[in-house]
>>> print(open('start29.cif').read())   # mmCIF, C-alpha atoms
data_final
#
loop_
_atom_site.label_atom_id
_atom_site.label_comp_id
_atom_site.auth_asym_id
_atom_site.auth_seq_id
_atom_site.Cartn_x
_atom_site.Cartn_y
_atom_site.Cartn_z
CA MET V 1 -36.72 -28.92 28.10
CA ALA V 2 -40.34 -30.08 28.08
CA CYS V 3 -41.13 -33.75 28.68
CA LEU V 4 -43.59 -35.28 26.23
CA ASN V 5 -45.93 -38.19 26.70
CA PHE V 6 -46.29 -39.71 23.27
CA SER V 7 -49.52 -41.67 23.23
CA SER V 8 -50.08 -44.61 20.96
CA VAL V 9 -51.39 -43.67 17.58
CA SER V 10 -54.21 -46.13 18.11
CA THR V 11 -55.58 -44.02 20.95
CA ILE V 12 -56.09 -40.78 19.03
CA SER V 13 -59.09 -38.99 20.44
CA THR V 14 -62.13 -39.66 18.29
CA ASN V 15 -63.61 -36.25 18.98
CA MET V 16 -60.86 -34.77 16.80
CA ASN V 17 -62.24 -36.57 13.68
CA PHE V 18 -58.96 -38.27 12.81
CA ASP V 19 -60.56 -41.38 11.25
CA HIS V 20 -58.47 -41.26 8.14
CA LEU V 21 -54.90 -41.95 9.12
CA ARG V 22 -54.27 -45.11 7.10
CA PRO V 23 -54.04 -44.62 3.34
CA ASN V 24 -56.61 -47.33 2.59
CA GLN V 25 -59.06 -46.17 5.21
CA LYS V 26 -61.91 -43.94 4.09
CA PRO V 27 -62.29 -40.53 5.72
CA ARG V 28 -65.46 -39.70 7.60
CA PHE V 29 -66.21 -36.79 5.26
CA LEU V 30 -65.90 -37.35 1.53
CA CYS V 31 -66.02 -33.80 0.16
CA SER V 32 -66.35 -32.80 -3.46
CA VAL V 33 -65.51 -29.42 -4.94
CA ALA V 34 -69.20 -28.69 -5.04
CA GLY V 35 -69.42 -29.33 -1.31
CA ALA V 36 -71.34 -32.62 -1.38
CA VAL V 37 -71.02 -34.84 1.66
CA ALA V 38 -71.25 -38.58 1.25
CA GLU V 39 -71.78 -39.87 4.75
CA GLN V 40 -73.23 -37.20 7.02
CA THR V 41 -74.23 -33.58 6.98
CA LYS V 42 -71.61 -31.04 7.93
CA THR V 43 -72.26 -28.66 10.79
CA LEU V 44 -70.36 -25.44 11.21
CA ASN V 45 -67.23 -25.93 13.29
CA VAL V 46 -66.80 -22.74 15.31
CA SER V 47 -63.66 -23.74 17.21
CA GLU V 48 -60.33 -22.26 16.16
CA PRO V 49 -58.05 -24.60 14.18
CA LEU V 50 -55.16 -26.03 16.17
CA LEU V 51 -52.58 -24.42 13.90
CA LEU V 52 -53.87 -20.92 14.61
CA ASN V 53 -53.79 -21.50 18.36
CA ALA V 54 -50.19 -22.73 18.20
CA ALA V 55 -49.11 -19.82 15.99
CA ARG V 56 -50.60 -17.39 18.52
CA GLY V 57 -48.86 -19.02 21.46
CA LYS V 58 -51.98 -20.52 23.02
CA GLU V 59 -51.84 -23.80 24.91
CA VAL V 60 -52.42 -26.84 22.69
CA ASP V 61 -52.37 -30.57 23.42
CA ARG V 62 -50.03 -31.41 20.52
CA PRO V 63 -48.15 -29.57 17.78
CA PRO V 64 -50.23 -28.99 14.64
CA VAL V 65 -48.78 -30.56 11.51
CA TRP V 66 -48.82 -29.87 7.79
CA LEU V 67 -46.19 -30.30 5.07
CA MET V 68 -44.86 -27.90 2.48
CA ARG V 69 -45.74 -29.17 -1.00
CA GLN V 70 -48.17 -31.63 0.59
CA ALA V 71 -50.28 -31.27 -2.56
CA GLY V 72 -48.08 -32.35 -5.41
CA ARG V 73 -46.15 -34.82 -7.47
CA TYR V 74 -45.61 -37.54 -4.86
CA MET V 75 -49.38 -38.25 -4.79
CA LYS V 76 -50.82 -40.71 -7.31
CA SER V 77 -54.01 -38.67 -7.53
CA TYR V 78 -51.97 -35.62 -8.55
CA GLN V 79 -50.00 -37.61 -11.12
CA THR V 80 -53.26 -38.69 -12.69
CA LEU V 81 -54.38 -35.08 -13.01
CA CYS V 82 -51.02 -34.16 -14.56
CA GLU V 83 -51.58 -36.68 -17.32
CA LYS V 84 -54.87 -34.99 -18.18
CA TYR V 85 -53.66 -31.43 -17.60
CA PRO V 86 -49.90 -31.35 -18.41
CA SER V 87 -49.51 -27.57 -18.02
CA PHE V 88 -48.58 -26.47 -14.50
CA ARG V 89 -50.08 -23.06 -15.06
CA GLU V 90 -53.39 -24.60 -16.08
CA ARG V 91 -53.39 -26.74 -12.94
CA SER V 92 -52.53 -23.77 -10.74
CA GLU V 93 -54.77 -21.18 -12.42
CA ASN V 94 -57.97 -23.16 -13.06
CA LEU V 95 -60.40 -22.77 -10.16
CA ASP V 96 -61.72 -26.33 -10.15
CA LEU V 97 -58.25 -27.84 -10.42
CA VAL V 98 -56.79 -25.56 -7.74
CA VAL V 99 -59.50 -26.62 -5.30
CA GLU V 100 -59.26 -30.29 -6.21
CA ILE V 101 -55.47 -30.43 -5.87
CA SER V 102 -55.47 -28.40 -2.63
CA LEU V 103 -57.93 -30.88 -1.13
CA GLN V 104 -56.14 -34.06 -2.24
CA PRO V 105 -53.88 -34.33 0.84
CA TRP V 106 -56.71 -33.13 3.09
CA LYS V 107 -58.94 -36.02 2.02
CA VAL V 108 -56.19 -38.59 2.58
CA PHE V 109 -54.14 -37.32 5.54
CA LYS V 110 -56.23 -34.58 7.22
CA PRO V 111 -53.30 -32.22 7.96
CA ASP V 112 -53.83 -29.33 10.36
CA GLY V 113 -53.10 -26.88 7.55
CA VAL V 114 -54.55 -26.95 4.03
CA ILE V 115 -52.46 -24.76 1.77
CA LEU V 116 -53.67 -23.28 -1.48
CA PHE V 117 -52.21 -24.99 -4.56
CA SER V 118 -50.57 -22.16 -6.47
CA ASP V 119 -47.14 -20.69 -7.21
CA ILE V 120 -45.26 -17.67 -5.91
CA LEU V 121 -44.94 -16.41 -9.50
CA THR V 122 -48.70 -16.41 -10.13
CA PRO V 123 -49.01 -12.61 -9.60
CA LEU V 124 -46.39 -11.76 -12.24
CA SER V 125 -48.78 -11.72 -15.21
CA GLY V 126 -50.90 -9.19 -13.35
CA MET V 127 -47.82 -6.99 -12.91
CA ASN V 128 -47.00 -6.88 -16.63
CA ILE V 129 -44.25 -9.51 -16.31
CA PRO V 130 -45.00 -12.34 -18.78
CA PHE V 131 -43.75 -15.76 -17.68
CA ASP V 132 -44.30 -19.47 -17.97
CA ILE V 133 -43.40 -22.57 -15.99
CA VAL V 134 -42.05 -25.25 -18.32
CA LYS V 135 -41.75 -28.89 -17.35
CA GLY V 136 -38.10 -29.82 -16.97
CA LYS V 137 -36.95 -26.18 -17.08
CA GLY V 138 -38.92 -24.42 -14.38
CA PRO V 139 -39.88 -20.73 -14.47
CA ILE V 140 -39.06 -18.70 -17.57
CA ILE V 141 -39.36 -14.89 -17.56
CA PHE V 142 -39.81 -13.81 -21.18
CA ASP V 143 -38.49 -10.26 -20.71
CA PRO V 144 -36.11 -10.14 -17.73
CA ILE V 145 -35.83 -6.80 -15.95
CA THR V 146 -32.48 -5.12 -16.55
CA SER V 147 -33.05 -1.37 -16.22
CA ALA V 148 -34.94 1.43 -14.51
CA ALA V 149 -37.17 1.67 -17.59
CA ASP V 150 -38.11 -1.98 -17.18
CA VAL V 151 -39.02 -1.37 -13.55
CA GLU V 152 -41.22 1.54 -14.62
CA ASP V 153 -43.19 -0.87 -16.80
CA VAL V 154 -43.99 -3.13 -13.81
CA THR V 155 -47.54 -2.40 -12.69
CA GLU V 156 -49.01 -2.66 -9.22
CA PHE V 157 -50.77 -5.95 -8.62
CA ASN V 158 -54.57 -5.96 -8.37
CA PRO V 159 -55.48 -9.45 -7.08
CA GLU V 160 -59.22 -9.12 -7.60
CA ALA V 161 -58.74 -8.17 -11.23
CA SER V 162 -55.86 -10.54 -12.03
CA VAL V 163 -56.38 -13.68 -9.94
CA SER V 164 -59.98 -13.69 -8.80
CA TYR V 165 -59.93 -17.49 -8.96
CA VAL V 166 -57.47 -17.50 -6.03
CA GLY V 167 -60.03 -15.74 -3.89
CA GLU V 168 -62.79 -18.07 -5.04
CA ALA V 169 -60.62 -21.11 -4.32
CA LEU V 170 -59.83 -19.93 -0.79
CA THR V 171 -63.51 -19.34 -0.08
CA ILE V 172 -64.38 -22.85 -1.26
CA LEU V 173 -61.53 -24.37 0.76
CA ARG V 174 -62.78 -22.68 3.93
CA LYS V 175 -66.20 -24.25 3.40
CA GLU V 176 -64.79 -27.68 2.59
CA VAL V 177 -62.32 -27.79 5.47
CA ASN V 178 -64.93 -26.34 7.85
CA ASN V 179 -62.43 -25.09 10.43
CA GLU V 180 -61.16 -28.61 11.09
CA ALA V 181 -57.83 -27.26 9.82
CA ALA V 182 -56.46 -23.85 8.97
CA VAL V 183 -56.61 -22.75 5.34
CA LEU V 184 -53.24 -21.31 4.34
CA GLY V 185 -52.41 -18.84 1.61
CA PHE V 186 -48.93 -17.85 0.51
CA VAL V 187 -46.91 -15.29 -1.41
CA GLY V 188 -43.37 -14.83 -2.62
CA ALA V 189 -41.12 -12.34 -0.84
CA PRO V 190 -39.87 -9.27 -2.75
CA PHE V 191 -36.22 -10.30 -3.06
CA THR V 192 -37.11 -13.81 -4.20
CA LEU V 193 -39.56 -12.51 -6.81
CA ALA V 194 -37.01 -9.94 -7.95
CA SER V 195 -34.41 -12.70 -8.29
CA TYR V 196 -36.61 -14.61 -10.70
CA VAL V 197 -37.53 -11.62 -12.87
CA VAL V 198 -33.99 -10.23 -13.04
CA GLU V 199 -32.26 -13.56 -13.57
CA GLY V 200 -34.89 -14.64 -16.11
CA GLY V 201 -35.77 -17.75 -14.13
CA SER V 202 -34.01 -20.00 -11.67
CA SER V 203 -30.33 -19.29 -11.03
CA LYS V 204 -27.27 -20.98 -9.63
CA HIS V 205 -25.04 -18.00 -8.88
CA PHE V 206 -27.54 -15.07 -8.81
CA SER V 207 -24.99 -12.97 -10.62
CA LYS V 208 -27.48 -10.75 -12.44
CA ILE V 209 -29.46 -9.64 -9.42
CA LYS V 210 -26.29 -9.16 -7.41
CA ARG V 211 -24.84 -7.07 -10.20
CA MET V 212 -27.96 -4.91 -10.04
CA ALA V 213 -27.86 -4.79 -6.23
CA PHE V 214 -24.24 -3.73 -6.05
CA SER V 215 -23.96 -1.52 -9.15
CA GLU V 216 -27.49 -0.10 -9.52
CA PRO V 217 -29.07 -0.43 -6.08
CA LYS V 218 -31.67 2.28 -6.75
CA VAL V 219 -33.09 0.23 -9.61
CA LEU V 220 -33.38 -2.87 -7.45
CA HIS V 221 -34.89 -0.94 -4.55
CA ALA V 222 -37.55 0.48 -6.87
CA LEU V 223 -38.44 -3.05 -8.00
CA LEU V 224 -38.45 -4.41 -4.45
CA LYS V 225 -40.74 -1.62 -3.32
CA LYS V 226 -43.26 -2.50 -6.04
CA PHE V 227 -43.19 -6.15 -5.05
CA ALA V 228 -43.58 -5.30 -1.35
CA THR V 229 -46.62 -3.09 -2.01
CA SER V 230 -48.17 -5.70 -4.29
CA MET V 231 -47.55 -8.70 -2.03
CA ALA V 232 -49.02 -6.90 0.97
CA LYS V 233 -52.18 -6.36 -1.10
CA TYR V 234 -52.11 -10.01 -2.15
CA ILE V 235 -51.94 -11.22 1.45
CA GLN V 236 -54.81 -8.92 2.42
CA PHE V 237 -56.83 -10.23 -0.51
CA GLN V 238 -56.16 -13.85 0.45
CA ALA V 239 -57.15 -13.18 4.06
CA ASP V 240 -60.35 -11.44 2.99
CA LYS V 241 -61.27 -14.43 0.83
CA GLY V 242 -60.66 -17.12 3.44
CA ALA V 243 -56.96 -17.64 4.22
CA GLN V 244 -56.53 -17.99 7.99
CA ALA V 245 -52.73 -17.76 7.89
CA VAL V 246 -50.30 -16.83 5.12
CA GLN V 247 -46.76 -18.06 4.53
CA ILE V 248 -44.19 -15.79 2.89
CA PHE V 249 -41.54 -17.64 0.92
CA ASP V 250 -38.18 -15.88 0.71
CA SER V 251 -36.41 -18.80 -0.89
CA TRP V 252 -33.48 -16.84 -2.29
CA ALA V 253 -32.88 -14.30 0.48
CA THR V 254 -30.30 -16.64 1.96
CA GLU V 255 -28.14 -16.04 -1.12
CA LEU V 256 -27.46 -12.65 0.49
CA SER V 257 -24.88 -11.95 3.14
CA PRO V 258 -26.34 -10.77 6.47
CA VAL V 259 -25.50 -7.14 5.71
CA ASP V 260 -27.09 -7.35 2.26
CA PHE V 261 -30.13 -9.16 3.67
CA GLU V 262 -30.60 -6.16 5.94
CA GLU V 263 -30.66 -3.86 2.92
CA PHE V 264 -32.41 -5.83 0.19
CA SER V 265 -34.78 -8.19 1.97
CA LEU V 266 -35.50 -7.31 5.60
CA PRO V 267 -36.98 -3.81 5.04
CA TYR V 268 -39.40 -5.10 2.41
CA LEU V 269 -40.50 -8.08 4.47
CA LYS V 270 -41.10 -5.68 7.34
CA GLN V 271 -43.06 -3.37 5.04
CA ILE V 272 -45.33 -6.26 4.08
CA VAL V 273 -45.88 -7.36 7.67
CA ASP V 274 -46.51 -3.82 8.93
CA THR V 275 -49.01 -3.15 6.14
CA VAL V 276 -50.91 -6.39 6.64
CA LYS V 277 -51.03 -6.05 10.43
CA GLN V 278 -52.71 -2.65 10.06
CA THR V 279 -55.73 -4.28 8.45
CA HIS V 280 -55.46 -7.89 9.68
CA PRO V 281 -53.77 -7.73 13.10
CA ASP V 282 -54.75 -11.29 14.06
CA LEU V 283 -53.64 -12.98 10.83
CA PRO V 284 -50.65 -15.25 11.55
CA LEU V 285 -47.81 -14.64 9.11
CA ILE V 286 -45.18 -17.33 8.58
CA LEU V 287 -41.76 -16.66 7.03
CA TYR V 288 -39.79 -19.41 5.34
CA ALA V 289 -36.28 -18.93 3.96
CA SER V 290 -34.37 -22.09 3.11
CA GLY V 291 -30.75 -22.21 4.30
CA SER V 292 -31.36 -19.44 6.81
CA GLY V 293 -28.89 -20.59 9.48
CA GLY V 294 -26.78 -17.46 9.06
CA LEU V 295 -29.79 -15.16 9.32
CA ILE V 296 -31.89 -16.68 12.10
CA GLU V 297 -31.59 -13.79 14.56
CA ARG V 298 -32.65 -11.34 11.85
CA LEU V 299 -35.80 -13.18 10.76
CA PRO V 300 -37.97 -12.20 13.78
CA LEU V 301 -37.10 -8.55 13.07
CA THR V 302 -39.54 -8.76 10.15
CA GLY V 303 -42.42 -8.91 12.64
CA VAL V 304 -43.79 -12.26 11.47
CA ASP V 305 -45.56 -14.52 13.93
CA VAL V 306 -43.83 -17.75 12.90
CA VAL V 307 -40.37 -18.50 11.49
CA SER V 308 -40.08 -21.72 9.51
CA LEU V 309 -36.65 -23.35 9.83
CA ASP V 310 -35.03 -25.72 7.39
CA TRP V 311 -33.42 -28.97 8.51
CA THR V 312 -29.83 -27.69 8.49
CA VAL V 313 -30.48 -25.99 11.84
CA ASP V 314 -30.91 -28.06 14.99
CA MET V 315 -34.39 -27.30 16.32
CA ALA V 316 -33.17 -26.68 19.89
CA GLU V 317 -30.48 -24.30 18.65
CA GLY V 318 -32.95 -22.56 16.34
CA ARG V 319 -35.33 -22.07 19.26
CA ARG V 320 -32.61 -20.45 21.36
CA ARG V 321 -31.50 -18.15 18.57
CA LEU V 322 -35.02 -17.05 17.62
CA GLY V 323 -36.04 -16.15 21.14
CA SER V 324 -39.33 -16.73 22.89
CA ASP V 325 -41.46 -14.09 21.17
CA VAL V 326 -41.83 -15.89 17.84
CA ALA V 327 -43.32 -19.30 17.04
CA VAL V 328 -41.31 -21.83 15.07
CA GLN V 329 -42.24 -24.19 12.24
CA GLY V 330 -40.39 -27.22 10.94
CA ASN V 331 -37.96 -28.65 10.55
CA ILE V 332 -37.56 -32.32 9.60
CA ASP V 333 -35.35 -33.16 6.63
CA PRO V 334 -37.67 -34.14 3.72
CA GLY V 335 -35.29 -37.03 3.04
CA VAL V 336 -36.35 -38.61 6.33
CA LEU V 337 -39.57 -39.63 4.60
CA PHE V 338 -37.55 -42.08 2.53
CA GLY V 339 -36.49 -43.88 5.73
CA SER V 340 -38.15 -46.65 7.68
CA LYS V 341 -41.28 -45.96 9.67
CA GLU V 342 -39.28 -46.38 12.87
CA PHE V 343 -36.74 -43.81 11.68
CA ILE V 344 -39.49 -41.35 10.73
CA THR V 345 -41.06 -41.79 14.17
CA GLU V 346 -37.75 -41.15 15.94
CA ARG V 347 -37.13 -37.94 14.01
CA ILE V 348 -40.62 -36.64 14.73
CA HIS V 349 -40.18 -37.28 18.45
CA ASP V 350 -36.74 -35.67 18.47
CA THR V 351 -37.91 -32.52 16.69
CA VAL V 352 -40.99 -32.06 18.86
CA ARG V 353 -39.03 -32.55 22.09
CA LYS V 354 -36.49 -29.92 21.02
CA ALA V 355 -39.18 -27.48 19.93
CA GLY V 356 -40.93 -27.58 23.30
CA LYS V 357 -44.58 -27.43 24.25
CA ARG V 358 -45.60 -24.04 22.88
CA LYS V 359 -45.46 -22.12 19.63
CA HIS V 360 -44.44 -25.02 17.41
CA ILE V 361 -45.93 -26.14 14.09
CA LEU V 362 -44.51 -29.46 12.94
CA ASN V 363 -43.45 -29.46 9.30
CA LEU V 364 -40.58 -30.42 7.05
CA GLY V 365 -37.61 -28.14 6.55
CA HIS V 366 -38.51 -27.89 2.86
CA GLY V 367 -41.14 -29.27 0.49
CA ILE V 368 -41.85 -32.96 0.05
CA VAL V 369 -39.47 -34.48 -2.49
CA VAL V 370 -40.79 -36.07 -5.68
CA GLY V 371 -40.84 -39.85 -5.28
CA THR V 372 -41.54 -39.81 -1.54
CA PRO V 373 -43.61 -42.93 -0.70
CA GLU V 374 -47.19 -41.93 0.03
CA GLU V 375 -47.43 -44.52 2.77
CA ASN V 376 -44.54 -42.83 4.57
CA VAL V 377 -46.34 -39.51 4.42
CA ALA V 378 -49.40 -41.23 5.90
CA HIS V 379 -47.21 -42.62 8.69
CA PHE V 380 -45.74 -39.16 9.33
CA PHE V 381 -49.19 -37.68 9.86
CA GLU V 382 -50.38 -40.66 11.91
CA VAL V 383 -47.48 -40.40 14.33
CA ALA V 384 -47.57 -36.60 14.50
CA LYS V 385 -51.26 -36.49 15.28
CA GLY V 386 -50.87 -39.18 17.94
CA LEU V 387 -48.47 -37.02 19.96
CA ARG V 388 -49.63 -35.50 23.23
CA TYR V 389 -47.73 -33.00 25.36
#
>>> encode(input="start29.cif", output="structure tokens")
Amino acid sequence: MACLNFSSVSTISTNMNFDHLRPNQKPRFLCSVAGAVAEQTKTLNVSEPLLLNAARGKEVDRPPVWLMRQAGRYMKSYQTLCEKYPSFRERSENLDLVVEISLQPWKVFKPDGVILFSDILTPLSGMNIPFDIVKGKGPIIFDPITSAADVEDVTEFNPEASVSYVGEALTILRKEVNNEAAVLGFVGAPFTLASYVVEGGSSKHFSKIKRMAFSEPKVLHALLKKFATSMAKYIQFQADKGAQAVQIFDSWATELSPVDFEEFSLPYLKQIVDTVKQTHPDLPLILYASGSGGLIERLPLTGVDVVSLDWTVDMAEGRRRLGSDVAVQGNIDPGVLFGSKEFITERIHDTVRKAGKRKHILNLGHGIVVGTPEENVAHFFEVAKGLRY
């Protein structure tokens, strides 16, 4: 087990531009969507972001850190935007708003990863699957897929034609972040997307998609194949427009037994990875599946570069089960951020010690929970970025 020397957060190296760690302290660069700089002129940063080096197994002086859902409802600045723009789809499909929301946590906390503000269901409209995301109800699929004829009506996704604003947003984010952090894109995994469109939205028991899987598997496989082809194109599009790493969310794959995961999820994840690596061999791909304790050994078989663990798996155990060839991300319980600052610090230290000195990206085991105190998020980043191996 690696020994860590955790330096005081007050001695963070100034050449890393971490002047922003307290919530009331102004960042050195005050960036607008238009790219204006308030205090000094930006120069091109040609060094590789820390997160990319860690994902590729290179030596780093500390684990990079970002948080799933770091742009979102716990931030007062986001809540203010929600009052003006109450529709989630408007916030996630309007170029200016996507950029502004994506940059909100960057301006306050300076994470090592800046993830695009979007949704895994965003491509559905471009695949002839009408949907909406309704406050208090979540995703609603207007015409759930129930038959082979319905699958035939699903069209292949053309990102440039359907979501050009995503590409524009990623390009702007790259310029704004200026390689001081990695810009992250993301997509939904085939089985998770299929679960939404077959169930008609969120589900508790996943009875409809399991009925299709076990009684009409050819229909489901045809749908999964379309999603795999389309999501591979979407990742390639995001990378071409500025994403430096892409996370694949397979949120519902863990509703499958291991044997069913091997049939209905694993082959399509592998198809995506294989396709993307043909054109973008150096693009780090991260796979996140919540509740994946029963599937850990199978996740590296997808070929991804990083496996993101949730908090129900001990980090040391997860490391052993994943093996040394894949990097790991995570995996602090989001509820920890409701604890005292001392408790948050202890959990960060514990997780980083167990993860070891290489191939670790510090993150939560799930997205930030609504109501999380912003000052605790600031403390999380301050402590994490003060660590030194």
>>> residues_around(input="start29.cif", residues="Gly201 (chain V)", least_positions_apart="5", cutoff="12 Å", atoms="only C-alpha atoms", output="MDAnalysis selection string")
chainID V and resid 121 130:134 137:145 192:196 206 208:209
>>> resolve_selection(input="start29.cif", expression="the PyMOL selection byres ((chain V and resi 333-350) around 7)", output="ChimeraX atom specification")
/V:311,331-332,351-354,364-369,372-373,376-377,379-380,383-384
>>> closest_residue(input="start29.cif", among="V:Leu387, V:Leu224, V:Val99, V:Leu287", to="Val65 (chain V)", atoms="only C-alpha atoms")
V:Leu387
>>> closest_residue(input="start29.cif", among="V:Gly126, V:Ala228, V:Asp282, V:Ser292", to="Ser257 (chain V)", atoms="only C-alpha atoms")
V:Ser292
>>> resolve_selection(input="start29.cif", expression="the PyMOL selection byres ((chain V and resi 274) around 12)", output="list of chain:residue names")
V:Ala228, V:Thr229, V:Ala232, V:Lys233, V:Ile235, V:Gln236, V:Pro267, V:Tyr268, V:Leu269, V:Lys270, V:Gln271, V:Ile272, V:Val273, V:Thr275, V:Val276, V:Lys277, V:Gln278, V:Thr279, V:His280, V:Pro281, V:Leu283, V:Leu285, V:Leu301, V:Thr302, V:Gly303, V:Val304, V:Asp305
>>> closest_residue(input="start29.cif", among="V:Lys210, V:Phe109, V:Asp240, V:Met68", to="Leu309 (chain V)", atoms="all atoms listed in the file")
V:Met68
>>> residues_around(input="start29.cif", residues="Val246 (chain V)", least_positions_apart="5", cutoff="7 Å", atoms="all atoms listed in the file", output="PyMOL selection string")
chain V and resi 184-186+235+284-286
>>> closest_residue(input="start29.cif", among="V:Tyr85, V:Trp252, V:Trp106, V:Phe214", to="Glu180 (chain V)", atoms="all atoms listed in the file")
V:Trp106
>>> residues_around(input="start29.cif", residues="region 114-118 of chain V", least_positions_apart="3", cutoff="8 Å", atoms="only C-alpha atoms", output="list in words")
Trp66, Ala71, Ser92, Glu93, Val98, Val99, Ile101, Ser102, Leu103, Trp106, Pro111, Thr122, Ala169, Leu170, Val177, Ala181, Ala182, Val183, Leu184, Gly185 and Phe186 of chain V
>>> atom_distance(input="start29.cif", atom1="CA of Phe249 (chain V)", atom2="CA of Ala189 (chain V)")
5.6 Å
>>> closest_residue(input="start29.cif", among="V:Val326, V:Met231, V:Met315, V:Val108", to="Asn363 (chain V)", atoms="only C-alpha atoms")
V:Met315
>>> atom_distance(input="start29.cif", atom1="CA of Lys359 (chain V)", atom2="CA of Leu322 (chain V)")
11.8 Å
>>> atom_distance(input="start29.cif", atom1="CA of Arg89 (chain V)", atom2="CA of Phe191 (chain V)")
22.3 Å
>>> closest_residue(input="start29.cif", among="V:Pro63, V:Ile248, V:Leu266, V:Gly356", to="Val307 (chain V)", atoms="only C-alpha atoms")
V:Ile248
>>> residues_around(input="start29.cif", residues="region 147-161 of chain V", least_positions_apart="2", cutoff="8 Å", atoms="only C-alpha atoms", output="MDAnalysis selection string")
chainID V and resid 123 126:129 145 163:164 167 219 222:223 226:227 229:231 233:234 237
>>> write_last_selection(input="start29.cif", atoms="C-alpha atoms", output="compact mmCIF listing (two decimals), in the frame of the given file")
# COMPACT_ATOMS: atom_id res chain seq x y z
CA PRO V 123 -49.01 -12.61 -9.60
CA GLY V 126 -50.90 -9.19 -13.35
CA MET V 127 -47.82 -6.99 -12.91
CA ASN V 128 -47.00 -6.88 -16.63
CA ILE V 129 -44.25 -9.51 -16.31
CA ILE V 145 -35.83 -6.80 -15.95
CA VAL V 163 -56.38 -13.68 -9.94
CA SER V 164 -59.98 -13.69 -8.80
CA GLY V 167 -60.03 -15.74 -3.89
CA VAL V 219 -33.09 0.23 -9.61
CA ALA V 222 -37.55 0.48 -6.87
CA LEU V 223 -38.44 -3.05 -8.00
CA LYS V 226 -43.26 -2.50 -6.04
CA PHE V 227 -43.19 -6.15 -5.05
CA THR V 229 -46.62 -3.09 -2.01
CA SER V 230 -48.17 -5.70 -4.29
CA MET V 231 -47.55 -8.70 -2.03
CA LYS V 233 -52.18 -6.36 -1.10
CA TYR V 234 -52.11 -10.01 -2.15
CA PHE V 237 -56.83 -10.23 -0.51
>>> resolve_selection(input="start29.cif", expression="the PyMOL selection byres ((chain V and resi 78) around 12)", output="count of residues only")
30
>>> build_atoms(input="start29.cif", residues="region 71-75 of chain V", atoms="all heavy atoms", output="CSV table (one decimal), in the frame of the given file")
chain,number,residue,atom,x,y,z
V,71,ALA,N,-49.5,-31.0,-1.3
V,71,ALA,CA,-50.3,-31.3,-2.6
V,71,ALA,C,-49.3,-31.2,-3.7
V,71,ALA,O,-48.8,-30.2,-4.0
V,71,ALA,CB,-51.4,-30.2,-2.7
V,72,GLY,N,-49.1,-32.4,-4.3
V,72,GLY,CA,-48.1,-32.4,-5.4
V,72,GLY,C,-47.7,-33.7,-6.0
V,72,GLY,O,-48.4,-34.7,-5.8
V,73,ARG,N,-46.5,-33.7,-6.6
V,73,ARG,CA,-46.2,-34.8,-7.5
V,73,ARG,C,-45.9,-36.2,-6.8
V,73,ARG,O,-45.9,-37.2,-7.5
V,73,ARG,CB,-44.9,-34.4,-8.3
V,73,ARG,CG,-45.2,-33.3,-9.3
V,73,ARG,CD,-43.9,-32.8,-9.9
V,73,ARG,NE,-43.0,-32.1,-9.0
V,73,ARG,CZ,-41.8,-31.7,-9.3
V,73,ARG,NH1,-41.3,-31.9,-10.5
V,73,ARG,NH2,-41.1,-31.0,-8.4
V,74,TYR,N,-45.8,-36.2,-5.5
V,74,TYR,CA,-45.6,-37.5,-4.9
V,74,TYR,C,-46.9,-38.3,-4.8
V,74,TYR,O,-46.9,-39.5,-4.5
V,74,TYR,CB,-45.0,-37.4,-3.4
V,74,TYR,CG,-46.0,-36.8,-2.4
V,74,TYR,CD1,-46.6,-37.7,-1.6
V,74,TYR,CD2,-46.3,-35.5,-2.4
V,74,TYR,CE1,-47.6,-37.2,-0.7
V,74,TYR,CE2,-47.2,-35.0,-1.5
V,74,TYR,CZ,-47.8,-35.8,-0.6
V,74,TYR,OH,-48.8,-35.3,0.3
V,75,MET,N,-48.1,-37.6,-4.9
V,75,MET,CA,-49.4,-38.2,-4.8
V,75,MET,C,-49.9,-38.8,-6.1
V,75,MET,O,-49.8,-38.2,-7.2
V,75,MET,CB,-50.4,-37.3,-4.3
V,75,MET,CG,-50.2,-36.8,-2.9
V,75,MET,SD,-51.6,-35.9,-2.2
V,75,MET,CE,-52.7,-37.2,-1.8
